[in-house]
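work37.txt follows (compact mmCIF, C-alpha atoms):
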# COMPACT_ATOMS: atom_id res chain seq x y z
CA MET A 915 93.50 64.74 104.94
CA LEU A 916 94.04 63.41 101.44
CA ASN A 917 97.48 62.51 100.17
CA VAL A 918 98.56 65.90 98.83
CA PRO A 919 102.20 66.87 98.19
CA ARG A 920 103.99 67.75 101.40
CA ARG A 921 105.07 71.12 100.02
CA THR A 922 101.43 72.19 99.98
CA ASP A 923 100.37 70.77 103.37
CA GLU A 924 101.12 73.99 105.20
CA LEU A 925 99.25 76.03 102.61
CA TYR A 926 96.21 73.78 102.90
CA ASP A 927 96.17 74.36 106.64
CA ARG A 928 95.46 78.03 105.91
CA VAL A 929 92.36 77.34 103.87
CA LYS A 930 90.98 74.03 105.13
CA ARG A 931 87.98 75.78 106.71
CA VAL A 932 86.82 77.04 103.31
CA ILE A 933 88.21 74.47 100.83
CA PRO A 934 87.22 70.79 101.22
CA PRO A 935 90.08 68.24 100.93
CA VAL A 936 88.64 66.80 97.72
CA GLU A 937 88.87 70.24 96.06
CA TRP A 938 92.38 70.83 97.36
CA GLU A 939 93.52 67.65 95.67
CA LEU A 940 92.59 69.32 92.36
CA PHE A 941 94.51 72.50 93.24
CA ALA A 942 97.71 71.15 94.77
CA ASP A 943 99.68 70.44 91.56
CA ASP A 944 99.02 73.92 90.17
CA VAL A 945 99.90 75.55 93.51
CA ASP A 946 103.19 73.66 93.63
CA ALA A 947 104.03 74.56 90.02
CA ILE A 948 103.18 78.24 90.51
CA LEU A 949 105.42 78.52 93.58
CA ALA A 950 108.32 77.06 91.58
CA LEU A 951 107.64 79.32 88.59
CA LYS A 952 107.61 82.41 90.79
CA ARG A 953 111.05 81.58 92.14
CA ARG A 954 112.42 80.81 88.69
CA ARG A 955 111.12 83.99 87.08
CA ASN A 956 111.46 86.40 90.03
CA ALA A 957 107.71 86.96 89.79
CA VAL A 958 105.08 88.16 92.23
CA ILE A 959 101.34 87.60 92.16
CA LEU A 960 99.04 90.44 93.14
CA ALA A 961 95.56 89.21 94.09
CA HIS A 962 92.46 91.25 94.72
CA ASN A 963 90.23 90.51 97.70
CA TYR A 964 87.66 88.94 95.35
CA GLN A 965 89.95 86.12 94.25
CA THR A 966 89.16 82.61 95.43
CA PRO A 967 90.94 81.35 98.58
CA GLU A 968 93.32 78.96 96.80
CA ILE A 969 94.68 81.97 94.89
CA PHE A 970 94.37 84.58 97.63
CA HIS A 971 95.92 82.55 100.47
CA CYS A 972 98.13 80.02 98.67
CA VAL A 973 99.95 81.61 95.71
CA ALA A 974 99.52 85.38 96.06
CA ASP A 975 102.39 87.50 97.40
CA ILE A 976 100.45 90.74 97.73
CA VAL A 977 96.72 90.88 98.47
CA GLY A 978 94.22 93.62 99.14
CA ASP A 979 91.85 96.12 97.63
CA SER A 980 92.57 98.27 94.58
CA LEU A 981 94.43 100.91 96.61
CA ALA A 982 96.66 98.37 98.36
CA LEU A 983 97.48 96.64 95.08
CA ALA A 984 98.30 99.96 93.41
CA ARG A 985 100.63 100.98 96.24
CA LYS A 986 102.40 97.63 96.41
CA ALA A 987 102.71 97.39 92.64
CA ALA A 988 104.72 100.60 92.72
CA GLU A 989 107.13 99.13 95.30
CA THR A 990 107.84 95.63 94.00
CA GLU A 991 111.33 94.66 92.87
CA ALA A 992 110.14 91.61 90.95
CA ASP A 993 110.82 91.28 87.23
CA VAL A 994 107.34 89.90 86.50
CA ILE A 995 103.97 90.88 87.98
CA VAL A 996 100.98 88.59 87.54
CA LEU A 997 97.73 90.38 88.31
CA ALA A 998 95.10 88.04 89.68
CA GLY A 999 92.23 90.41 89.17
CA VAL A 1000 90.62 92.27 86.30
CA HIS A 1001 92.13 94.12 83.38
CA PHE A 1002 92.08 97.66 84.75
CA MET A 1003 94.11 96.43 87.75
CA ALA A 1004 96.73 94.95 85.44
CA GLU A 1005 96.87 98.21 83.52
CA THR A 1006 97.36 100.14 86.76
CA ALA A 1007 100.21 97.82 87.74
CA LYS A 1008 101.79 98.42 84.31
CA LEU A 1009 101.39 102.19 84.64
CA LEU A 1010 103.37 102.10 87.87
CA ASN A 1011 105.92 99.60 86.55
CA PRO A 1012 106.52 100.55 82.92
CA GLU A 1013 109.81 98.61 82.72
CA LYS A 1014 108.45 95.39 84.21
CA THR A 1015 106.55 92.56 82.57
CA VAL A 1016 102.91 92.61 83.71
CA LEU A 1017 100.72 89.61 82.90
CA ILE A 1018 97.00 89.03 83.22
CA PRO A 1019 95.97 85.36 83.13
CA ASP A 1020 92.78 85.98 81.13
CA LEU A 1021 92.30 88.89 78.71
CA GLU A 1022 88.52 88.63 79.08
CA ALA A 1023 88.64 89.49 82.80
CA GLY A 1024 86.93 92.85 82.43
CA CYS A 1025 84.77 95.09 84.60
CA SER A 1026 81.29 96.52 84.11
CA LEU A 1027 82.40 99.83 85.61
CA ALA A 1028 85.45 100.12 83.38
CA GLU A 1029 83.26 99.41 80.37
CA SER A 1030 80.67 102.04 81.34
CA VAL A 1031 82.81 105.06 80.43
CA THR A 1032 85.21 105.98 77.61
CA ALA A 1033 87.83 108.67 77.08
CA ASP A 1034 85.37 110.45 74.78
CA ASP A 1035 82.83 110.50 77.63
CA VAL A 1036 85.36 112.22 79.90
CA ARG A 1037 86.11 114.83 77.26
CA LEU A 1038 82.38 115.44 76.85
CA MET A 1039 81.99 115.96 80.61
CA ARG A 1040 84.86 118.43 80.59
CA ARG A 1041 83.17 120.44 77.84
CA ARG A 1042 79.88 120.36 79.73
CA PHE A 1043 81.48 121.37 83.02
CA PRO A 1044 84.57 123.46 82.19
CA ASP A 1045 87.14 123.95 84.95
CA VAL A 1046 85.59 121.22 87.14
CA PRO A 1047 88.24 118.62 88.03
CA VAL A 1048 87.67 114.99 87.11
CA VAL A 1049 88.11 112.37 89.81
CA THR A 1050 88.25 108.93 88.23
CA TYR A 1051 87.75 105.65 90.05
CA VAL A 1052 90.61 103.21 89.46
CA ASN A 1053 87.99 100.84 88.00
CA THR A 1054 88.58 102.42 84.58
CA SER A 1055 90.80 101.94 81.56
CA ALA A 1056 94.16 103.65 81.17
CA ALA A 1057 92.62 105.74 78.39
CA VAL A 1058 90.01 107.13 80.80
CA LYS A 1059 92.62 107.74 83.50
CA ALA A 1060 94.66 109.69 80.96
CA GLU A 1061 91.79 112.17 80.55
CA SER A 1062 91.41 112.63 84.32
CA ASP A 1063 92.95 114.89 86.93
CA ILE A 1064 93.29 112.33 89.70
CA CYS A 1065 92.23 108.78 90.51
CA CYS A 1066 90.57 107.40 93.62
CA THR A 1067 89.51 104.09 95.12
CA SER A 1068 86.52 103.29 97.29
CA GLY A 1069 88.86 103.48 100.28
CA ASN A 1070 90.20 106.98 99.65
CA ALA A 1071 87.50 108.64 97.52
CA ARG A 1072 86.43 111.19 100.13
CA ALA A 1073 90.02 112.14 100.92
CA VAL A 1074 90.79 112.58 97.21
CA VAL A 1075 87.69 114.69 96.58
CA GLU A 1076 88.37 116.97 99.55
CA SER A 1077 92.09 117.25 98.75
CA LEU A 1078 91.32 119.26 95.63
CA GLY A 1079 89.96 122.22 97.61
CA VAL A 1080 87.19 122.98 95.12
CA PRO A 1081 83.42 123.34 95.56
CA ARG A 1082 82.50 120.62 93.08
CA VAL A 1083 84.04 117.76 91.15
CA ILE A 1084 83.11 115.30 88.43
CA MET A 1085 83.36 111.76 89.76
CA LEU A 1086 83.10 108.76 87.50
CA PRO A 1087 82.13 106.12 86.58
CA ASP A 1088 80.35 104.64 89.64
CA GLU A 1089 77.12 106.54 90.32
CA TYR A 1090 76.50 104.89 93.68
CA LEU A 1091 80.01 105.46 95.00
CA ALA A 1092 79.69 109.12 93.96
CA LYS A 1093 76.36 109.49 95.74
CA ASN A 1094 77.60 107.75 98.86
CA ILE A 1095 80.66 110.01 99.02
CA ALA A 1096 78.48 113.07 98.34
CA ALA A 1097 76.54 112.22 101.51
CA GLU A 1098 79.79 112.46 103.51
CA THR A 1099 81.20 115.73 102.17
CA ASP A 1100 80.19 119.31 101.43
CA VAL A 1101 81.77 119.08 97.97
CA GLU A 1102 79.18 118.90 95.19
CA ILE A 1103 79.72 115.76 93.16
CA ILE A 1104 78.61 115.40 89.55
CA ALA A 1105 78.14 111.68 88.96
CA TRP A 1106 78.32 109.39 85.96
CA GLN A 1107 75.83 106.53 85.59
CA GLY A 1108 78.07 103.48 85.71
CA HIS A 1109 77.32 100.60 88.08
CA CYS A 1110 79.10 97.49 89.34
CA GLU A 1111 77.13 94.44 88.25
CA VAL A 1112 77.85 92.78 91.60
CA HIS A 1113 76.95 95.59 93.98
CA GLU A 1114 74.02 97.10 92.09
CA ARG A 1115 72.03 93.89 92.70
CA PHE A 1116 71.95 94.31 96.48
CA MET A 1117 68.71 95.83 97.74
CA PRO A 1118 67.52 97.11 101.15
CA ALA A 1119 65.03 94.24 101.29
CA ASP A 1120 67.98 91.84 101.18
CA ILE A 1121 69.36 93.35 104.38
CA ARG A 1122 66.00 93.24 106.13
CA GLU A 1123 65.57 89.58 105.19
CA LEU A 1124 69.07 88.79 106.41
CA ARG A 1125 68.43 90.49 109.74
CA GLU A 1126 65.17 88.62 110.18
CA ALA A 1127 66.78 85.26 109.41
CA ASN A 1128 69.97 85.97 111.39
CA PRO A 1129 69.20 87.95 114.56
CA GLY A 1130 72.05 90.18 115.67
CA VAL A 1131 73.91 89.99 112.35
CA ILE A 1132 76.17 92.95 111.58
CA VAL A 1133 75.85 94.17 107.98
CA LEU A 1134 78.84 95.66 106.16
CA ALA A 1135 78.20 97.19 102.72
CA HIS A 1136 80.59 98.21 99.98
CA PRO A 1137 80.13 101.85 98.86
CA GLU A 1138 79.46 100.67 95.30
CA CYS A 1139 76.09 99.48 96.64
CA PRO A 1140 73.06 101.74 96.14
CA PRO A 1141 72.80 104.51 98.78
CA GLU A 1142 69.65 102.99 100.24
CA VAL A 1143 71.60 99.77 100.88
CA VAL A 1144 74.41 101.69 102.55
CA ALA A 1145 71.82 103.50 104.70
CA GLU A 1146 70.47 100.14 105.95
CA ALA A 1147 73.92 98.75 106.76
CA ASP A 1148 75.80 99.02 110.05
CA PHE A 1149 79.01 100.03 108.29
CA SER A 1150 80.12 100.92 104.78
CA GLY A 1151 83.65 100.77 103.45
CA SER A 1152 86.07 99.37 100.94
CA THR A 1153 86.96 95.71 101.00
CA ALA A 1154 90.01 96.56 103.10
CA ALA A 1155 87.87 98.59 105.51
CA MET A 1156 85.37 95.73 105.84
CA SER A 1157 88.15 93.28 106.59
CA ASP A 1158 89.61 95.68 109.16
CA TYR A 1159 86.18 96.08 110.76
CA VAL A 1160 85.83 92.34 111.27
CA GLY A 1161 89.28 92.13 112.80
CA ARG A 1162 88.73 95.13 115.05
CA GLU A 1163 85.15 94.60 116.19
CA LYS A 1164 85.05 90.79 116.02
CA PRO A 1165 81.27 90.52 115.52
CA GLN A 1166 79.75 87.16 116.37
CA ARG A 1167 77.87 87.09 113.06
CA VAL A 1168 78.50 89.28 110.04
CA VAL A 1169 77.44 89.65 106.43
CA LEU A 1170 79.57 91.37 103.78
CA MET A 1171 77.46 92.94 101.04
CA THR A 1172 80.03 92.45 98.30
CA GLU A 1173 81.49 89.76 96.04
CA CYS A 1174 81.29 86.11 97.12
CA SER A 1175 84.93 85.27 97.72
CA MET A 1176 85.52 88.20 100.06
CA SER A 1177 83.76 86.37 102.91
CA ASP A 1178 85.79 83.21 102.37
CA ASN A 1179 89.06 85.13 102.40
CA VAL A 1180 88.25 87.11 105.55
CA ALA A 1181 86.85 84.00 107.28
CA VAL A 1182 90.24 82.27 107.06
CA ALA A 1183 91.69 84.74 109.57
CA HIS A 1184 88.63 84.83 111.83
CA PRO A 1185 87.49 81.30 112.72
CA ASP A 1186 85.35 82.55 115.62
CA VAL A 1187 83.21 84.80 113.40
CA GLU A 1188 80.17 83.38 111.64
CA PHE A 1189 79.90 84.70 108.08
CA VAL A 1190 76.47 84.82 106.48
CA ARG A 1191 77.06 84.70 102.74
CA PRO A 1192 74.67 86.36 100.28
CA CYS A 1193 76.49 85.44 97.11
CA ASN A 1194 76.73 87.89 94.23
CA LEU A 1195 79.44 86.51 92.00
CA CYS A 1196 81.75 88.62 89.83
CA PRO A 1197 82.07 86.62 86.60
CA HIS A 1198 85.13 88.63 85.59
CA MET A 1199 87.12 87.96 88.76
CA LYS A 1200 86.24 84.29 88.48
CA ARG A 1201 87.91 84.06 85.08
CA ILE A 1202 91.20 84.00 86.99
CA THR A 1203 92.16 80.47 88.05
CA LEU A 1204 95.21 78.62 89.30
CA ALA A 1205 95.46 76.96 85.89
CA ASN A 1206 95.66 80.19 83.91
CA ILE A 1207 98.00 81.82 86.45
CA ARG A 1208 100.30 78.86 85.86
CA SER A 1209 99.92 79.24 82.09
CA ALA A 1210 100.68 82.95 82.33
CA LEU A 1211 103.96 82.25 84.09
CA GLU A 1212 104.87 79.32 81.82
CA GLY A 1213 104.12 81.05 78.52
CA ASN A 1214 104.42 84.75 79.42
CA GLN A 1215 100.77 85.27 78.58
CA HIS A 1216 99.04 87.69 78.40
CA GLU A 1217 101.38 90.68 78.58
CA VAL A 1218 99.84 94.09 79.25
CA THR A 1219 101.08 96.94 77.07
CA ILE A 1220 100.03 100.60 77.04
CA ASP A 1221 100.90 103.33 74.55
CA PRO A 1222 103.73 105.33 76.19
CA GLU A 1223 102.19 108.77 75.64
CA LEU A 1224 98.82 107.68 77.01
CA ALA A 1225 100.53 105.84 79.85
CA GLY A 1226 102.38 108.97 80.91
CA ARG A 1227 99.16 110.94 81.29
CA ALA A 1228 97.35 108.10 83.03
CA ARG A 1229 100.28 107.53 85.38
CA ARG A 1230 100.12 111.13 86.59
CA ALA A 1231 96.50 110.67 87.67
CA VAL A 1232 97.37 107.52 89.63
CA GLU A 1233 100.50 109.02 91.18
CA ARG A 1234 98.54 112.09 92.33
CA MET A 1235 96.21 109.74 94.18
CA LEU A 1236 99.08 107.81 95.75
CA ALA A 1237 100.65 111.06 96.94
CA ILE A 1238 97.65 111.87 99.17

Would you write the structure of this file as structure tokens?
Amino acid sequence: MLNVPRRTDELYDRVKRVIPPVEWELFADDVDAILALKRRRNAVILAHNYQTPEIFHCVADIVGDSLALARKAAETEADVIVLAGVHFMAETAKLLNPEKTVLIPDLEAGCSLAESVTADDVRLMRRRFPDVPVVTYVNTSAAVKAESDICCTSGNARAVVESLGVPRVIMLPDEYLAKNIAAETDVEIIAWQGHCEVHERFMPADIRELREANPGVIVLAHPECPPEVVAEADFSGSTAAMSDYVGREKPQRVVLMTECSMSDNVAVAHPDVEFVRPCNLCPHMKRITLANIRSALEGNQHEVTIDPELAGRARRAVERMLAI
């Protein structure tokens, strides 16, 4: 191993299967500085499953999918929350912690789904389908959440839809998630036509090629993938559900049809599982780095603020989800 600071040796042991020593040498100073800054500022770092391993396993305090991050954000006693993820996640953390400082390391860390729908679009859907409740994916802006009845994540979407006790709902913005949930429930779902730029690129032919090249491989697909991809997979679920599947079933060889870094992060805990990695990269998630997390803590940049009236309405939609 290279001569890295002793304070980071133990952390490197966690990730040495997925980060070469020469790369770790570039990360170690920032890791060390971030750990010190967190203590000094009573800060926590929330990291989504799509963050790179040096963030996910070495500086993050809370990790998981959107639902897990939302729940934990509501419970933290820290003064400062740094969201290692995309902007809608930072907004959600702020909604649930209005008195705390919430920082996002890069303001340009957006989301194709969040950008596919506006508050005006939600109002238009309400006029087109009066009295039909609006279920909004957390991958949306606070302004869109404020126009909604309740939020959902990919992990709880079916439970949220069925909790409303109505024959049909509007579900936005992810068309494929809506269609995949519609296949699991008797509730009629009116979908929007937003797509995730990572998951929409997976095709059934990709799975067939993977199976041919890797006999016996188990295929896990995120429900933001097209329905025909989900139909070809062995299992479909949120990032948390995929991780749980690997831990529970311990397949010899597995492929996760989702963002690149997910496989690296799950592989750290499962050295006996072979991960086949079809790599669709999320350019927005990858805007978050150790360097800009450090800068966020050093310079209090970039603080997330939300208009209080809008935040109150958006918070209700998120809290209704968390209550289920």

Item to check | Distance in Å - CA of Ala1060 in chain A versus CA of Leu1224 in chain A | outcome: 6.1 Å

Next on the checklist: Using all atoms listed in the file - which residues lie no farther than 10 Å from the point (94.9, 110.4, 87.0) in the file's frame? Write them as an MDAnalysis selection string.
Outcome noted: chainID A and resid 1048:1052 1056 1058:1066 1226:1235

Only C-alpha atoms, please: the residues just picked out, written as a PDB file, in the coordinates of the input.
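Contents of part-v5.pdb, freshly written:
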ATOM      1  CA  VAL A1048      87.670 114.990  87.110  1.00  0.00           C
ATOM      2  CA  VAL A1049      88.110 112.370  89.810  1.00  0.00           C
ATOM      3  CA  THR A1050      88.250 108.930  88.230  1.00  0.00           C
ATOM      4  CA  TYR A1051      87.750 105.650  90.050  1.00  0.00           C
ATOM      5  CA  VAL A1052      90.610 103.210  89.460  1.00  0.00           C
ATOM      6  CA  ALA A1056      94.160 103.650  81.170  1.00  0.00           C
ATOM      7  CA  VAL A1058      90.010 107.130  80.800  1.00  0.00           C
ATOM      8  CA  LYS A1059      92.620 107.740  83.500  1.00  0.00           C
ATOM      9  CA  ALA A1060      94.660 109.690  80.960  1.00  0.00           C
ATOM     10  CA  GLU A1061      91.790 112.170  80.550  1.00  0.00           C
ATOM     11  CA  SER A1062      91.410 112.630  84.320  1.00  0.00           C
ATOM     12  CA  ASP A1063      92.950 114.890  86.930  1.00  0.00           C
ATOM     13  CA  ILE A1064      93.290 112.330  89.700  1.00  0.00           C
ATOM     14  CA  CYS A1065      92.230 108.780  90.510  1.00  0.00           C
ATOM     15  CA  CYS A1066      90.570 107.400  93.620  1.00  0.00           C
ATOM     16  CA  GLY A1226     102.380 108.970  80.910  1.00  0.00           C
ATOM     17  CA  ARG A1227      99.160 110.940  81.290  1.00  0.00           C
ATOM     18  CA  ALA A1228      97.350 108.100  83.030  1.00  0.00           C
ATOM     19  CA  ARG A1229     100.280 107.530  85.380  1.00  0.00           C
ATOM     20  CA  ARG A1230     100.120 111.130  86.590  1.00  0.00           C
ATOM     21  CA  ALA A1231      96.500 110.670  87.670  1.00  0.00           C
ATOM     22  CA  VAL A1232      97.370 107.520  89.630  1.00  0.00           C
ATOM     23  CA  GLU A1233     100.500 109.020  91.180  1.00  0.00           C
ATOM     24  CA  ARG A1234      98.540 112.090  92.330  1.00  0.00           C
ATOM     25  CA  MET A1235      96.210 109.740  94.180  1.00  0.00           C
TER      26      MET A1235
END

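Counting all atoms listed in the file, Val1169 in chain A has the following residues at most 7 Å away, ignoring those fewer than 4 positions along the same chain: Val1131, Ile1132, Val1133, Leu1134, Phe1189, Val1190 and Arg1191 of chain A.
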
Restricted to C-alpha atoms, what would the selected residues look like written as a short mmCIF file (atom, residue, chain, number, x, y, z; two decimals), in the coordinates of the input?
data_model
loop_
_atom_site.label_atom_id
_atom_site.label_comp_id
_atom_site.auth_asym_id
_atom_site.auth_seq_id
_atom_site.Cartn_x
_atom_site.Cartn_y
_atom_site.Cartn_z
CA VAL A 1131 73.91 89.99 112.35
CA ILE A 1132 76.17 92.95 111.58
CA VAL A 1133 75.85 94.17 107.98
CA LEU A 1134 78.84 95.66 106.16
CA PHE A 1189 79.90 84.70 108.08
CA VAL A 1190 76.47 84.82 106.48
CA ARG A 1191 77.06 84.70 102.74
#

Checklist entry - What would the list of residues within 12 Å of (100.6, 94.0, 86.3) (file frame) look like as a PyMOL selection string, if only C-alpha atoms are what count? => result chain A and resi 957-961+976+983-984+986-988+990+992-1019+1210+1215-1220

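Between CA of Gly1108 in chain A and CA of Ser1030 in chain A the interatomic distance comes to 5.3 Å.
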
Next on the checklist: I'd like the contact shell of range 1178-1180 of chain A - 7 Å cut-off, all atoms listed in the file, skipping same-chain residues fewer than 3 positions apart - returned as an NGL selection string.
Outcome noted: :A and (932 or 967 or 1157 or 1175 or 1183-1184)

The selected residues should be written to file as a PDB file, keeping the file's coordinate frame (atoms: C-alpha atoms).
ATOM      1  CA  VAL A 932      86.820  77.040 103.310  1.00  0.00           C
ATOM      2  CA  PRO A 967      90.940  81.350  98.580  1.00  0.00           C
ATOM      3  CA  SER A1157      88.150  93.280 106.590  1.00  0.00           C
ATOM      4  CA  SER A1175      84.930  85.270  97.720  1.00  0.00           C
ATOM      5  CA  ALA A1183      91.690  84.740 109.570  1.00  0.00           C
ATOM      6  CA  HIS A1184      88.630  84.830 111.830  1.00  0.00           C
TER       7      HIS A1184
END

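With CA of Pro1044 in chain A on one side and CA of Val1075 in chain A on the other, the separation reads 17.1 Å.
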
Item to check | All residues 8 Å or closer to range 1116-1129 of chain A, all atoms listed in the file, same chain fewer than 5 positions away omitted, as a VMD selection string | outcome: chain A and resid 1139 to 1140 1142 to 1143 1146 to 1147 1171

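Between Ile933 in chain A and the candidates A:Ala1028, A:Leu1236, A:Ile969, A:Leu1078, the tightest atom-to-atom separation, counting only C-alpha atoms, involves A:Ile969.
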
Item to check | Long-range neighbours of His1198 in chain A as a list of chain:residue names, 8 Å cut-off, all atoms listed in the file, 2 positions minimum in chain | outcome: A:Val1000, A:Glu1022, A:Ala1023, A:Gly1024, A:Cys1025, A:Cys1196, A:Lys1200, A:Arg1201, A:Ile1202

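Minimum atom-to-atom distance to Pro1165 in chain A, evaluated using only C-alpha atoms, belongs to A:Val1187 out of A:Val1144, A:Ala1181, A:Ala950, A:Val1187.
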
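Proximity of A:Gly1130, A:Pro1222, A:Pro1137, A:Pro934 to Ala1155 in chain A, computed with all atoms listed in the file, is greatest for A:Pro1137.
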
Next on the checklist: Taking 4 positions as the minimum chain separation for residues in the same chain, which residues sit within 10 Å of Val1046 in chain A when counting only C-alpha atoms? Answer as JSON, numbers by chain.
Outcome noted: {"A": [1039, 1040, 1041, 1042, 1063, 1080, 1081, 1082, 1083, 1084, 1104]}

For the residues in the current selection, export C-alpha atoms as a PDB file, in the frame of the given file.
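As written to disk, part02.pdb reads:
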ATOM      1  CA  MET A1039      81.990 115.960  80.610  1.00  0.00           C
ATOM      2  CA  ARG A1040      84.860 118.430  80.590  1.00  0.00           C
ATOM      3  CA  ARG A1041      83.170 120.440  77.840  1.00  0.00           C
ATOM      4  CA  ARG A1042      79.880 120.360  79.730  1.00  0.00           C
ATOM      5  CA  ASP A1063      92.950 114.890  86.930  1.00  0.00           C
ATOM      6  CA  VAL A1080      87.190 122.980  95.120  1.00  0.00           C
ATOM      7  CA  PRO A1081      83.420 123.340  95.560  1.00  0.00           C
ATOM      8  CA  ARG A1082      82.500 120.620  93.080  1.00  0.00           C
ATOM      9  CA  VAL A1083      84.040 117.760  91.150  1.00  0.00           C
ATOM     10  CA  ILE A1084      83.110 115.300  88.430  1.00  0.00           C
ATOM     11  CA  ILE A1104      78.610 115.400  89.550  1.00  0.00           C
TER      12      ILE A1104
END

Item to check | Nearest candidate to Tyr964 in chain A (options A:Val977, A:Ala1237, A:Met1199, A:Ile1103; using only C-alpha atoms) | outcome: A:Met1199

Checklist entry - Looking at all atoms listed in the file, which of A:Thr1153, A:Ser1026, A:Ile1095, A:Arg1115 is the one that sits closest to Ser1177 in chain A? => result A:Thr1153
